[in-house]
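This is my_file.pdb (PDB, C-alpha atoms and all ligand atoms).
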ATOM      1  CA  MET A 804       0.000   0.000   0.000  1.00  0.00           C
ATOM      2  CA  TYR A 805       1.320   3.464  -0.882  1.00  0.00           C
ATOM      3  CA  PHE A 806       1.003   6.917   0.622  1.00  0.00           C
ATOM      4  CA  LYS A 807       1.800  10.193  -1.098  1.00  0.00           C
ATOM      5  CA  LYS A 808       4.604  11.470   1.097  1.00  0.00           C
ATOM      6  CA  MET A 809       6.340  13.502  -1.656  1.00  0.00           C
ATOM      7  CA  MET A 810       4.433  14.411  -4.799  1.00  0.00           C
ATOM      8  CA  GLY A 811       5.924  14.902  -8.243  1.00  0.00           C
ATOM      9  CA  GLU A 812       4.330  15.275 -11.659  1.00  0.00           C
ATOM     10  CA  MET A 813       5.066  11.713 -12.849  1.00  0.00           C
ATOM     11  CA  CYS A 814       5.737   9.860  -9.638  1.00  0.00           C
ATOM     12  CA  TYR A 815       5.471  10.147  -5.894  1.00  0.00           C
ATOM     13  CA  LEU A 816       7.536   8.834  -3.006  1.00  0.00           C
ATOM     14  CA  SER A 817       5.806   6.604  -0.476  1.00  0.00           C
ATOM     15  CA  PRO A 818       6.975   4.840   2.684  1.00  0.00           C
ATOM     16  CA  VAL A 819       8.353   1.422   1.709  1.00  0.00           C
ATOM     17  CA  ASP A 820       5.888  -1.489   1.913  1.00  0.00           C
ATOM     18  CA  PRO A 821       7.679  -4.762   2.819  1.00  0.00           C
ATOM     19  CA  ASP A 822       4.820  -6.617   1.066  1.00  0.00           C
ATOM     20  CA  ASP A 823       6.505  -5.465  -2.171  1.00  0.00           C
ATOM     21  CA  ALA A 824       9.250  -8.024  -1.457  1.00  0.00           C
ATOM     22  CA  PRO A 825       8.371 -10.241  -4.510  1.00  0.00           C
ATOM     23  CA  VAL A 826       8.789  -7.461  -7.110  1.00  0.00           C
ATOM     24  CA  PHE A 827      11.902  -6.101  -5.368  1.00  0.00           C
ATOM     25  CA  THR A 828      13.355  -9.634  -5.271  1.00  0.00           C
ATOM     26  CA  ARG A 829      12.852  -9.842  -9.047  1.00  0.00           C
ATOM     27  CA  TRP A 830      14.644  -6.531  -9.559  1.00  0.00           C
ATOM     28  CA  ILE A 831      17.504  -7.198  -7.137  1.00  0.00           C
ATOM     29  CA  ASN A 832      18.222 -10.486  -8.933  1.00  0.00           C
ATOM     30  CA  ASP A 833      18.216  -8.802 -12.368  1.00  0.00           C
ATOM     31  CA  TYR A 834      21.842  -8.235 -13.373  1.00  0.00           C
ATOM     32  CA  ASP A 835      20.797  -5.525 -15.874  1.00  0.00           C
ATOM     33  CA  VAL A 836      19.808  -3.517 -12.780  1.00  0.00           C
ATOM     34  CA  THR A 837      22.427  -4.641 -10.251  1.00  0.00           C
ATOM     35  CA  ARG A 838      25.462  -4.233 -12.537  1.00  0.00           C
ATOM     36  CA  TYR A 839      25.215  -0.579 -11.504  1.00  0.00           C
ATOM     37  CA  LEU A 840      24.803  -1.335  -7.781  1.00  0.00           C
ATOM     38  CA  THR A 841      26.945  -2.647  -4.949  1.00  0.00           C
ATOM     39  CA  GLU A 842      24.353  -5.450  -4.548  1.00  0.00           C
ATOM     40  CA  ALA A 843      25.512  -7.207  -7.756  1.00  0.00           C
ATOM     41  CA  PRO A 844      27.436  -9.990  -5.973  1.00  0.00           C
ATOM     42  CA  SER A 845      24.883 -10.449  -3.153  1.00  0.00           C
ATOM     43  CA  CYS A 846      22.332 -13.236  -2.910  1.00  0.00           C
ATOM     44  CA  TYR A 847      18.826 -11.992  -2.170  1.00  0.00           C
ATOM     45  CA  PRO A 848      16.172 -14.697  -1.841  1.00  0.00           C
ATOM     46  CA  LEU A 849      12.617 -13.532  -1.086  1.00  0.00           C
ATOM     47  CA  GLN A 850      12.908 -13.724   2.696  1.00  0.00           C
ATOM     48  CA  ALA A 851      16.185 -11.761   2.784  1.00  0.00           C
ATOM     49  CA  GLU A 852      14.677  -9.074   0.561  1.00  0.00           C
ATOM     50  CA  ARG A 853      11.609  -8.859   2.807  1.00  0.00           C
ATOM     51  CA  GLU A 854      13.880  -8.366   5.829  1.00  0.00           C
ATOM     52  CA  ALA A 855      15.916  -5.762   3.928  1.00  0.00           C
ATOM     53  CA  LEU A 856      12.743  -3.858   2.941  1.00  0.00           C
ATOM     54  CA  ASP A 857      11.451  -4.102   6.485  1.00  0.00           C
ATOM     55  CA  LYS A 858      14.646  -2.465   7.761  1.00  0.00           C
ATOM     56  CA  LEU A 859      14.681   0.140   4.958  1.00  0.00           C
ATOM     57  CA  SER A 860      11.012   0.988   5.648  1.00  0.00           C
ATOM     58  CA  ARG A 861      11.887   2.193   9.135  1.00  0.00           C
ATOM     59  CA  GLU A 862      14.559   4.608   7.902  1.00  0.00           C
ATOM     60  CA  HIS A 863      14.467   7.436   5.339  1.00  0.00           C
ATOM     61  CA  ASN A 864      13.872   5.275   2.282  1.00  0.00           C
ATOM     62  CA  TYR A 865      10.955   5.696  -0.086  1.00  0.00           C
ATOM     63  CA  CYS A 866       9.277   3.636  -2.757  1.00  0.00           C
ATOM     64  CA  ILE A 867       9.087   5.409  -6.142  1.00  0.00           C
ATOM     65  CA  VAL A 868       5.504   4.978  -7.382  1.00  0.00           C
ATOM     66  CA  ASP A 869       4.075   5.834 -10.817  1.00  0.00           C
ATOM     67  CA  LEU A 870       1.498   8.590 -10.239  1.00  0.00           C
ATOM     68  CA  GLU A 871      -0.715   7.418 -13.105  1.00  0.00           C
ATOM     69  CA  THR A 872      -0.859   3.679 -12.348  1.00  0.00           C
ATOM     70  CA  ASP A 873       0.220   3.438  -8.688  1.00  0.00           C
ATOM     71  CA  ALA A 874       2.776   0.819  -9.787  1.00  0.00           C
ATOM     72  CA  PRO A 875       6.000   0.576  -7.768  1.00  0.00           C
ATOM     73  CA  LEU A 876       9.037   1.484  -9.888  1.00  0.00           C
ATOM     74  CA  GLY A 877      11.955   1.341  -7.459  1.00  0.00           C
ATOM     75  CA  ILE A 878      13.378   2.862  -4.341  1.00  0.00           C
ATOM     76  CA  CYS A 879      15.464   5.816  -3.188  1.00  0.00           C
ATOM     77  CA  GLY A 880      16.638   6.973   0.190  1.00  0.00           C
ATOM     78  CA  PHE A 881      19.225   8.408   2.512  1.00  0.00           C
ATOM     79  CA  MET A 882      22.142   6.581   4.122  1.00  0.00           C
ATOM     80  CA  ASN A 883      24.696   7.761   6.659  1.00  0.00           C
ATOM     81  CA  LEU A 884      22.542  10.636   7.904  1.00  0.00           C
ATOM     82  CA  ASN A 885      24.642  12.861  10.141  1.00  0.00           C
ATOM     83  CA  HIS A 886      22.550  15.497  11.875  1.00  0.00           C
ATOM     84  CA  LEU A 887      25.515  17.195  13.534  1.00  0.00           C
ATOM     85  CA  ASN A 888      27.123  17.983  10.205  1.00  0.00           C
ATOM     86  CA  GLN A 889      23.814  17.981   8.275  1.00  0.00           C
ATOM     87  CA  THR A 890      25.168  15.533   5.686  1.00  0.00           C
ATOM     88  CA  ALA A 891      23.865  12.350   4.098  1.00  0.00           C
ATOM     89  CA  GLU A 892      24.333  10.035   1.156  1.00  0.00           C
ATOM     90  CA  VAL A 893      21.604   9.080  -1.311  1.00  0.00           C
ATOM     91  CA  GLY A 894      20.979   5.898  -3.259  1.00  0.00           C
ATOM     92  CA  ILE A 895      18.393   5.146  -5.943  1.00  0.00           C
ATOM     93  CA  PHE A 896      17.339   2.482  -8.384  1.00  0.00           C
ATOM     94  CA  ILE A 897      14.431   2.054 -10.746  1.00  0.00           C
ATOM     95  CA  GLY A 898      13.879  -1.682 -11.005  1.00  0.00           C
ATOM     96  CA  ASP A 899      11.381  -1.561 -13.855  1.00  0.00           C
ATOM     97  CA  LYS A 900      13.651  -1.120 -16.876  1.00  0.00           C
ATOM     98  CA  ASP A 901      10.760   0.127 -19.055  1.00  0.00           C
ATOM     99  CA  TYR A 902      10.890   3.295 -16.979  1.00  0.00           C
ATOM    100  CA  TRP A 903      14.583   4.084 -17.464  1.00  0.00           C
ATOM    101  CA  GLY A 904      15.508   7.289 -19.262  1.00  0.00           C
ATOM    102  CA  LYS A 905      12.021   8.805 -19.029  1.00  0.00           C
ATOM    103  CA  GLY A 906      12.644  11.279 -16.236  1.00  0.00           C
ATOM    104  CA  TYR A 907      11.263   9.242 -13.333  1.00  0.00           C
ATOM    105  CA  GLY A 908      14.636   8.806 -11.604  1.00  0.00           C
ATOM    106  CA  GLY A 909      15.433  12.492 -11.940  1.00  0.00           C
ATOM    107  CA  GLU A 910      12.089  13.524 -10.523  1.00  0.00           C
ATOM    108  CA  ALA A 911      12.255  10.999  -7.658  1.00  0.00           C
ATOM    109  CA  LEU A 912      15.757  12.073  -6.672  1.00  0.00           C
ATOM    110  CA  SER A 913      14.828  15.762  -6.881  1.00  0.00           C
ATOM    111  CA  LEU A 914      11.897  15.143  -4.528  1.00  0.00           C
ATOM    112  CA  LEU A 915      14.139  13.239  -2.116  1.00  0.00           C
ATOM    113  CA  VAL A 916      16.924  15.827  -2.131  1.00  0.00           C
ATOM    114  CA  ARG A 917      14.457  18.691  -1.667  1.00  0.00           C
ATOM    115  CA  TYR A 918      12.914  16.831   1.281  1.00  0.00           C
ATOM    116  CA  GLY A 919      16.429  16.351   2.663  1.00  0.00           C
ATOM    117  CA  PHE A 920      17.177  20.067   2.508  1.00  0.00           C
ATOM    118  CA  ASP A 921      13.751  21.451   3.473  1.00  0.00           C
ATOM    119  CA  VAL A 922      12.541  18.937   6.060  1.00  0.00           C
ATOM    120  CA  LEU A 923      15.548  16.995   7.332  1.00  0.00           C
ATOM    121  CA  ASN A 924      17.624  20.210   7.387  1.00  0.00           C
ATOM    122  CA  LEU A 925      20.508  18.665   5.471  1.00  0.00           C
ATOM    123  CA  HIS A 926      23.223  20.873   4.033  1.00  0.00           C
ATOM    124  CA  ASN A 927      25.298  18.548   1.857  1.00  0.00           C
ATOM    125  CA  VAL A 928      24.112  15.378   0.110  1.00  0.00           C
ATOM    126  CA  MET A 929      26.528  13.078  -1.706  1.00  0.00           C
ATOM    127  CA  LEU A 930      26.320   9.938  -3.818  1.00  0.00           C
ATOM    128  CA  GLN A 931      28.619   7.351  -5.349  1.00  0.00           C
ATOM    129  CA  VAL A 932      28.290   6.050  -8.896  1.00  0.00           C
ATOM    130  CA  VAL A 933      30.398   3.752 -11.031  1.00  0.00           C
ATOM    131  CA  ALA A 934      31.918   5.651 -13.965  1.00  0.00           C
ATOM    132  CA  TYR A 935      30.286   3.466 -16.655  1.00  0.00           C
ATOM    133  CA  ASN A 936      26.804   4.434 -15.444  1.00  0.00           C
ATOM    134  CA  ASP A 937      26.402   7.256 -17.976  1.00  0.00           C
ATOM    135  CA  ARG A 938      22.612   7.425 -17.604  1.00  0.00           C
ATOM    136  CA  ALA A 939      22.838   7.884 -13.838  1.00  0.00           C
ATOM    137  CA  ILE A 940      25.609  10.493 -14.038  1.00  0.00           C
ATOM    138  CA  ARG A 941      23.628  12.478 -16.628  1.00  0.00           C
ATOM    139  CA  CYS A 942      20.543  12.259 -14.394  1.00  0.00           C
ATOM    140  CA  TYR A 943      22.482  13.449 -11.316  1.00  0.00           C
ATOM    141  CA  GLU A 944      24.143  16.326 -13.191  1.00  0.00           C
ATOM    142  CA  ARG A 945      20.777  17.523 -14.461  1.00  0.00           C
ATOM    143  CA  ILE A 946      19.518  17.717 -10.864  1.00  0.00           C
ATOM    144  CA  GLY A 947      22.552  19.776  -9.867  1.00  0.00           C
ATOM    145  CA  PHE A 948      25.000  17.223  -8.442  1.00  0.00           C
ATOM    146  CA  ARG A 949      28.643  17.981  -9.173  1.00  0.00           C
ATOM    147  CA  THR A 950      31.601  15.602  -9.216  1.00  0.00           C
ATOM    148  CA  PHE A 951      33.959  16.289  -6.335  1.00  0.00           C
ATOM    149  CA  GLY A 952      36.211  13.284  -6.665  1.00  0.00           C
ATOM    150  CA  VAL A 953      37.062  10.162  -8.588  1.00  0.00           C
ATOM    151  CA  ARG A 954      38.478   7.064  -6.937  1.00  0.00           C
ATOM    152  CA  ARG A 955      40.448   5.459  -9.681  1.00  0.00           C
ATOM    153  CA  GLU A 956      39.985   1.781 -10.579  1.00  0.00           C
ATOM    154  CA  ALA A 957      38.049   1.177  -7.356  1.00  0.00           C
ATOM    155  CA  VAL A 958      35.404  -1.113  -8.867  1.00  0.00           C
ATOM    156  CA  LEU A 959      36.260  -4.507 -10.367  1.00  0.00           C
ATOM    157  CA  ARG A 960      33.365  -5.690 -12.504  1.00  0.00           C
ATOM    158  CA  GLU A 961      33.202  -8.096 -15.440  1.00  0.00           C
ATOM    159  CA  GLY A 962      36.975  -8.517 -15.372  1.00  0.00           C
ATOM    160  CA  LYS A 963      37.701  -4.803 -15.736  1.00  0.00           C
ATOM    161  CA  ARG A 964      38.557  -2.048 -13.305  1.00  0.00           C
ATOM    162  CA  HIS A 965      36.375   1.041 -13.290  1.00  0.00           C
ATOM    163  CA  ASP A 966      36.547   4.399 -11.534  1.00  0.00           C
ATOM    164  CA  LYS A 967      34.075   5.335  -8.842  1.00  0.00           C
ATOM    165  CA  VAL A 968      32.688   8.865  -9.119  1.00  0.00           C
ATOM    166  CA  TYR A 969      31.701  10.901  -6.036  1.00  0.00           C
ATOM    167  CA  MET A 970      29.108  13.646  -6.522  1.00  0.00           C
ATOM    168  CA  GLU A 971      27.568  16.180  -4.144  1.00  0.00           C
ATOM    169  CA  ILE A 972      24.954  18.890  -3.938  1.00  0.00           C
ATOM    170  CA  THR A 973      24.572  21.521  -1.230  1.00  0.00           C
ATOM    171  CA  ARG A 974      21.486  23.364  -0.063  1.00  0.00           C
ATOM    172  CA  SER A 975      22.772  26.569  -1.696  1.00  0.00           C
ATOM    173  CA  ASP A 976      23.190  24.773  -5.056  1.00  0.00           C
TER     174      ASP A 976
HETATM  175  C1  LIG B1001      20.054   5.706 -12.611  1.00  0.00           C
HETATM  176  C2  LIG B1001      18.550   5.841 -12.650  1.00  0.00           C
HETATM  177  C3  LIG B1001      18.005   5.972 -11.238  1.00  0.00           C
HETATM  178  C4  LIG B1001      18.211   7.132 -13.431  1.00  0.00           C
HETATM  179  O1  LIG B1001      16.816   7.250 -13.508  1.00  0.00           O
HETATM  180  P1  LIG B1001      16.164   7.508 -14.958  1.00  0.00           P
HETATM  181  O2  LIG B1001      14.708   7.698 -14.777  1.00  0.00           O
HETATM  182  O3  LIG B1001      16.583   6.424 -15.878  1.00  0.00           O
HETATM  183  O4  LIG B1001      16.886   8.888 -15.342  1.00  0.00           O
HETATM  184  P2  LIG B1001      16.284  10.169 -16.075  1.00  0.00           P
HETATM  185  O5  LIG B1001      15.421   9.722 -17.205  1.00  0.00           O
HETATM  186  O6  LIG B1001      15.670  11.080 -15.058  1.00  0.00           O
HETATM  187  O7  LIG B1001      17.617  10.864 -16.593  1.00  0.00           O
HETATM  188  C5  LIG B1001      18.513  10.135 -17.397  1.00  0.00           C
HETATM  189  C6  LIG B1001      19.323  11.078 -18.284  1.00  0.00           C
HETATM  190  O8  LIG B1001      20.317  10.303 -18.967  1.00  0.00           O
HETATM  191  C7  LIG B1001      20.052  10.309 -20.360  1.00  0.00           C
HETATM  192  N1  LIG B1001      20.272   8.926 -20.800  1.00  0.00           N
HETATM  193  C8  LIG B1001      19.380   7.932 -20.961  1.00  0.00           C
HETATM  194  N2  LIG B1001      20.001   6.811 -21.346  1.00  0.00           N
HETATM  195  C9  LIG B1001      21.307   7.118 -21.409  1.00  0.00           C
HETATM  196  C10 LIG B1001      22.468   6.377 -21.756  1.00  0.00           C
HETATM  197  N3  LIG B1001      22.399   5.080 -22.102  1.00  0.00           N
HETATM  198  N4  LIG B1001      23.671   7.015 -21.707  1.00  0.00           N
HETATM  199  C11 LIG B1001      23.754   8.316 -21.349  1.00  0.00           C
HETATM  200  N5  LIG B1001      22.689   9.072 -21.009  1.00  0.00           N
HETATM  201  C12 LIG B1001      21.489   8.456 -21.055  1.00  0.00           C
HETATM  202  C13 LIG B1001      18.625  10.766 -20.523  1.00  0.00           C
HETATM  203  O9  LIG B1001      18.434  11.390 -21.771  1.00  0.00           O
HETATM  204  C14 LIG B1001      18.509  11.742 -19.359  1.00  0.00           C
HETATM  205  O10 LIG B1001      19.167  12.946 -19.618  1.00  0.00           O
HETATM  206  P3  LIG B1001      18.352  14.257 -20.086  1.00  0.00           P
HETATM  207  O11 LIG B1001      17.372  14.566 -19.005  1.00  0.00           O
HETATM  208  O12 LIG B1001      19.385  15.309 -20.234  1.00  0.00           O
HETATM  209  O13 LIG B1001      17.664  13.897 -21.358  1.00  0.00           O
HETATM  210  C15 LIG B1001      17.884   4.623 -13.368  1.00  0.00           C
HETATM  211  O14 LIG B1001      18.246   4.607 -14.736  1.00  0.00           O
HETATM  212  C16 LIG B1001      18.261   3.299 -12.737  1.00  0.00           C
HETATM  213  O15 LIG B1001      17.750   2.956 -11.697  1.00  0.00           O
HETATM  214  N6  LIG B1001      19.200   2.534 -13.341  1.00  0.00           N
HETATM  215  C17 LIG B1001      19.585   1.216 -12.862  1.00  0.00           C
HETATM  216  C18 LIG B1001      20.205   1.220 -11.456  1.00  0.00           C
HETATM  217  C19 LIG B1001      21.155   2.370 -11.248  1.00  0.00           C
HETATM  218  O16 LIG B1001      21.976   2.661 -12.104  1.00  0.00           O
HETATM  219  N7  LIG B1001      21.082   3.006 -10.077  1.00  0.00           N
HETATM  220  C20 LIG B1001      21.964   4.103  -9.714  1.00  0.00           C
HETATM  221  C21 LIG B1001      23.196   3.592  -9.070  1.00  0.00           C
HETATM  222  S1  LIG B1001      24.319   4.928  -8.602  1.00  0.00           S
END
Representation of the structure as structure tokens:
Amino acid sequence: MYFKKMMGEMCYLSPVDPDDAPVFTRWINDYDVTRYLTEAPSCYPLQAEREALDKLSREHNYCIVDLETDAPLGICGFMNLNHLNQTAEVGIFIGDKDYWGKGYGGEALSLLVRYGFDVLNLHNVMLQVVAYNDRAIRCYERIGFRTFGVRREAVLREGKRHDKVYMEITRSD
């Protein structure tokens, strides 16, 4: 079941429903999706995914839901929230590949970041992305994230080393 916590024009962000474990288990076992994520080498059977969603649902993580159809599309949320320094990290994935490149990720992340600045009083939000994820980097740049560092050859995937890109956005940006 979904609730309109943050409203966009194409999607909204809802508290995570652990009953969505079956569809999330399908996505998290789809290498087309996880080749961009740290979860690629992990094993996520249904029960483990349900437990993961249950934990995520009690923190600042939100299901991305299509406004028109109320279908779940993926998840985004904050990690490493530090209220003293007003910093956090964000993560996002859209599991339904039919929705990639249509603006849903950008809108969902914009809603999340705005909520972080306006409601959680964050000042600086960062993210990590593997350098071959051109779609994600383009999406993040369009929102206003800027690269502040590159960790060279820090990801070993499919027999090749890849850079990891670190991006940030501040409240004033
Ligand atoms: C990364 C992700 C969240 C982005 O969401 P999205 O809805 O696909 O992104 P958007 O449509 O908002 O923006 C994508 C941008 O990249 C462009 N783009 C699309 N496909 C691209 C490609 N193959 N290469 C480069 N740019 C591409 C789009 O044109 C768009 O730019 P524009 O607004 O200037 O036209 C989503 O694609 C996803 O979940 N991917 C799989 C998992 C993942 O990579 N997660 C992020 C890990 S850091």
Can you turn the PyMOL selection byres (((chain A and resi 854-866) around 6) and not hetatm) into a concrete residue list for this file, as a PyMOL selection string?
chain A and resi 816-819+821+851-853+867+877-881
Got a sec to check which residues sit within 12 Å of (18.3, 11.8, -12.5), counting all atoms listed in the file, and write them as JSON, numbers by chain?
{"A": [879, 893, 894, 895, 896, 897, 903, 904, 905, 906, 907, 908, 909, 910, 911, 912, 913, 914, 915, 916, 930, 936, 937, 938, 939, 940, 941, 942, 943, 944, 945, 946, 947, 948]}
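Note that atom CA of Gln850 of chain A and atom CA of Pro875 of chain A are 19.0 Å apart.
Interatomic distance, atom C8 of ligand LIG 1001 (chain B) against atom CA of Ala891 of chain A: 25.8 Å.
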Target residues per the PyMOL selection byres (((chain A and resi 884) around 12) and not hetatm), formatted as a list in words
Glu862, His863, Asn864, Gly880, Phe881, Met882, Asn883, Asn885, His886, Leu887, Asn888, Gln889, Thr890, Ala891, Glu892, Val893, Gly919, Leu923, Asn924, Leu925, His926, Asn927, Val928 and Met929 of chain A
Between atom CA of Pro844 of chain A and atom C1 of ligand LIG 1001 (chain B), what is the distance in Å, rounded to a tenth?
18.6 Å
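Listed by chain and then by number, the residues chosen by the PyMOL selection byres (((chain A and resi 968) around 8) and not hetatm) in this file are Gln931, Val932, Val933, Ala934, Thr950, Gly952, Val953, Arg954, Asp966, Lys967, Tyr969 and Met970 of chain A.
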Env of Val836 of chain A: 9 Å cut, atoms = only C-alpha atoms, seq-sep filter 6 positions within chain, self excluded. Answer as number ranges by chain.
A: 830, 843, 896-900
Using the incomplete input, complete segment 878-899 of chain A to the level of N, CA, C and O atoms; output as an mmCIF file, in the coordinates of the input.
data_model
loop_
_atom_site.group_PDB
_atom_site.id
_atom_site.type_symbol
_atom_site.label_atom_id
_atom_site.label_comp_id
_atom_site.auth_asym_id
_atom_site.auth_seq_id
_atom_site.Cartn_x
_atom_site.Cartn_y
_atom_site.Cartn_z
ATOM 1 N N ILE A 878 13.200 2.355 -5.707
ATOM 2 C CA ILE A 878 13.378 2.862 -4.341
ATOM 3 C C ILE A 878 14.490 3.912 -4.326
ATOM 4 O O ILE A 878 15.414 3.862 -5.154
ATOM 5 N N CYS A 879 14.382 4.861 -3.409
ATOM 6 C CA CYS A 879 15.464 5.816 -3.188
ATOM 7 C C CYS A 879 15.473 6.174 -1.710
ATOM 8 O O CYS A 879 14.465 5.995 -1.015
ATOM 9 N N GLY A 880 16.598 6.636 -1.230
ATOM 10 C CA GLY A 880 16.638 6.973 0.190
ATOM 11 C C GLY A 880 17.979 7.487 0.641
ATOM 12 O O GLY A 880 18.941 7.579 -0.145
ATOM 13 N N PHE A 881 18.006 7.864 1.907
ATOM 14 C CA PHE A 881 19.225 8.408 2.512
ATOM 15 C C PHE A 881 19.966 7.337 3.310
ATOM 16 O O PHE A 881 19.335 6.491 3.950
ATOM 17 N N MET A 882 21.281 7.414 3.279
ATOM 18 C CA MET A 882 22.142 6.581 4.122
ATOM 19 C C MET A 882 23.084 7.523 4.864
ATOM 20 O O MET A 882 23.293 8.659 4.433
ATOM 21 N N ASN A 883 23.663 7.013 5.919
ATOM 22 C CA ASN A 883 24.696 7.761 6.659
ATOM 23 C C ASN A 883 24.257 9.191 6.994
ATOM 24 O O ASN A 883 25.018 10.140 6.801
ATOM 25 N N LEU A 884 23.030 9.310 7.480
ATOM 26 C CA LEU A 884 22.542 10.636 7.904
ATOM 27 C C LEU A 884 23.347 11.105 9.112
ATOM 28 O O LEU A 884 23.475 10.369 10.093
ATOM 29 N N ASN A 885 23.878 12.301 9.033
ATOM 30 C CA ASN A 885 24.642 12.861 10.141
ATOM 31 C C ASN A 885 24.041 14.228 10.487
ATOM 32 O O ASN A 885 24.242 15.205 9.747
ATOM 33 N N HIS A 886 23.274 14.267 11.560
ATOM 34 C CA HIS A 886 22.550 15.497 11.875
ATOM 35 C C HIS A 886 23.457 16.583 12.457
ATOM 36 O O HIS A 886 23.121 17.762 12.385
ATOM 37 N N LEU A 887 24.582 16.183 13.033
ATOM 38 C CA LEU A 887 25.515 17.195 13.534
ATOM 39 C C LEU A 887 26.078 18.007 12.381
ATOM 40 O O LEU A 887 26.100 19.227 12.401
ATOM 41 N N ASN A 888 26.520 17.295 11.351
ATOM 42 C CA ASN A 888 27.123 17.983 10.205
ATOM 43 C C ASN A 888 26.116 18.291 9.102
ATOM 44 O O ASN A 888 26.443 18.935 8.112
ATOM 45 N N GLN A 889 24.894 17.788 9.254
ATOM 46 C CA GLN A 889 23.814 17.981 8.275
ATOM 47 C C GLN A 889 24.202 17.416 6.897
ATOM 48 O O GLN A 889 24.047 18.080 5.868
ATOM 49 N N THR A 890 24.749 16.201 6.919
ATOM 50 C CA THR A 890 25.168 15.533 5.686
ATOM 51 C C THR A 890 24.477 14.176 5.565
ATOM 52 O O THR A 890 24.028 13.609 6.561
ATOM 53 N N ALA A 891 24.402 13.690 4.340
ATOM 54 C CA ALA A 891 23.865 12.350 4.098
ATOM 55 C C ALA A 891 24.291 11.900 2.711
ATOM 56 O O ALA A 891 24.808 12.687 1.910
ATOM 57 N N GLU A 892 24.063 10.608 2.473
ATOM 58 C CA GLU A 892 24.333 10.035 1.156
ATOM 59 C C GLU A 892 22.993 9.543 0.603
ATOM 60 O O GLU A 892 22.145 9.109 1.383
ATOM 61 N N VAL A 893 22.834 9.621 -0.722
ATOM 62 C CA VAL A 893 21.604 9.080 -1.311
ATOM 63 C C VAL A 893 21.918 7.886 -2.198
ATOM 64 O O VAL A 893 23.011 7.771 -2.762
ATOM 65 N N GLY A 894 20.915 7.021 -2.331
ATOM 66 C CA GLY A 894 20.979 5.898 -3.259
ATOM 67 C C GLY A 894 19.641 5.789 -3.962
ATOM 68 O O GLY A 894 18.610 6.192 -3.408
ATOM 69 N N ILE A 895 19.654 5.273 -5.184
ATOM 70 C CA ILE A 895 18.393 5.146 -5.943
ATOM 71 C C ILE A 895 18.518 4.010 -6.943
ATOM 72 O O ILE A 895 19.608 3.755 -7.475
ATOM 73 N N PHE A 896 17.433 3.287 -7.161
ATOM 74 C CA PHE A 896 17.339 2.482 -8.384
ATOM 75 C C PHE A 896 15.889 2.360 -8.829
ATOM 76 O O PHE A 896 14.972 2.336 -8.011
ATOM 77 N N ILE A 897 15.726 2.343 -10.142
ATOM 78 C CA ILE A 897 14.431 2.054 -10.746
ATOM 79 C C ILE A 897 14.543 0.627 -11.260
ATOM 80 O O ILE A 897 15.377 0.333 -12.137
ATOM 81 N N GLY A 898 13.766 -0.262 -10.676
ATOM 82 C CA GLY A 898 13.879 -1.682 -11.005
ATOM 83 C C GLY A 898 13.182 -2.038 -12.301
ATOM 84 O O GLY A 898 13.591 -2.968 -13.002
ATOM 85 N N ASP A 899 12.128 -1.290 -12.628
ATOM 86 C CA ASP A 899 11.381 -1.561 -13.855
ATOM 87 C C ASP A 899 12.098 -0.884 -15.017
ATOM 88 O O ASP A 899 12.020 0.343 -15.186
#
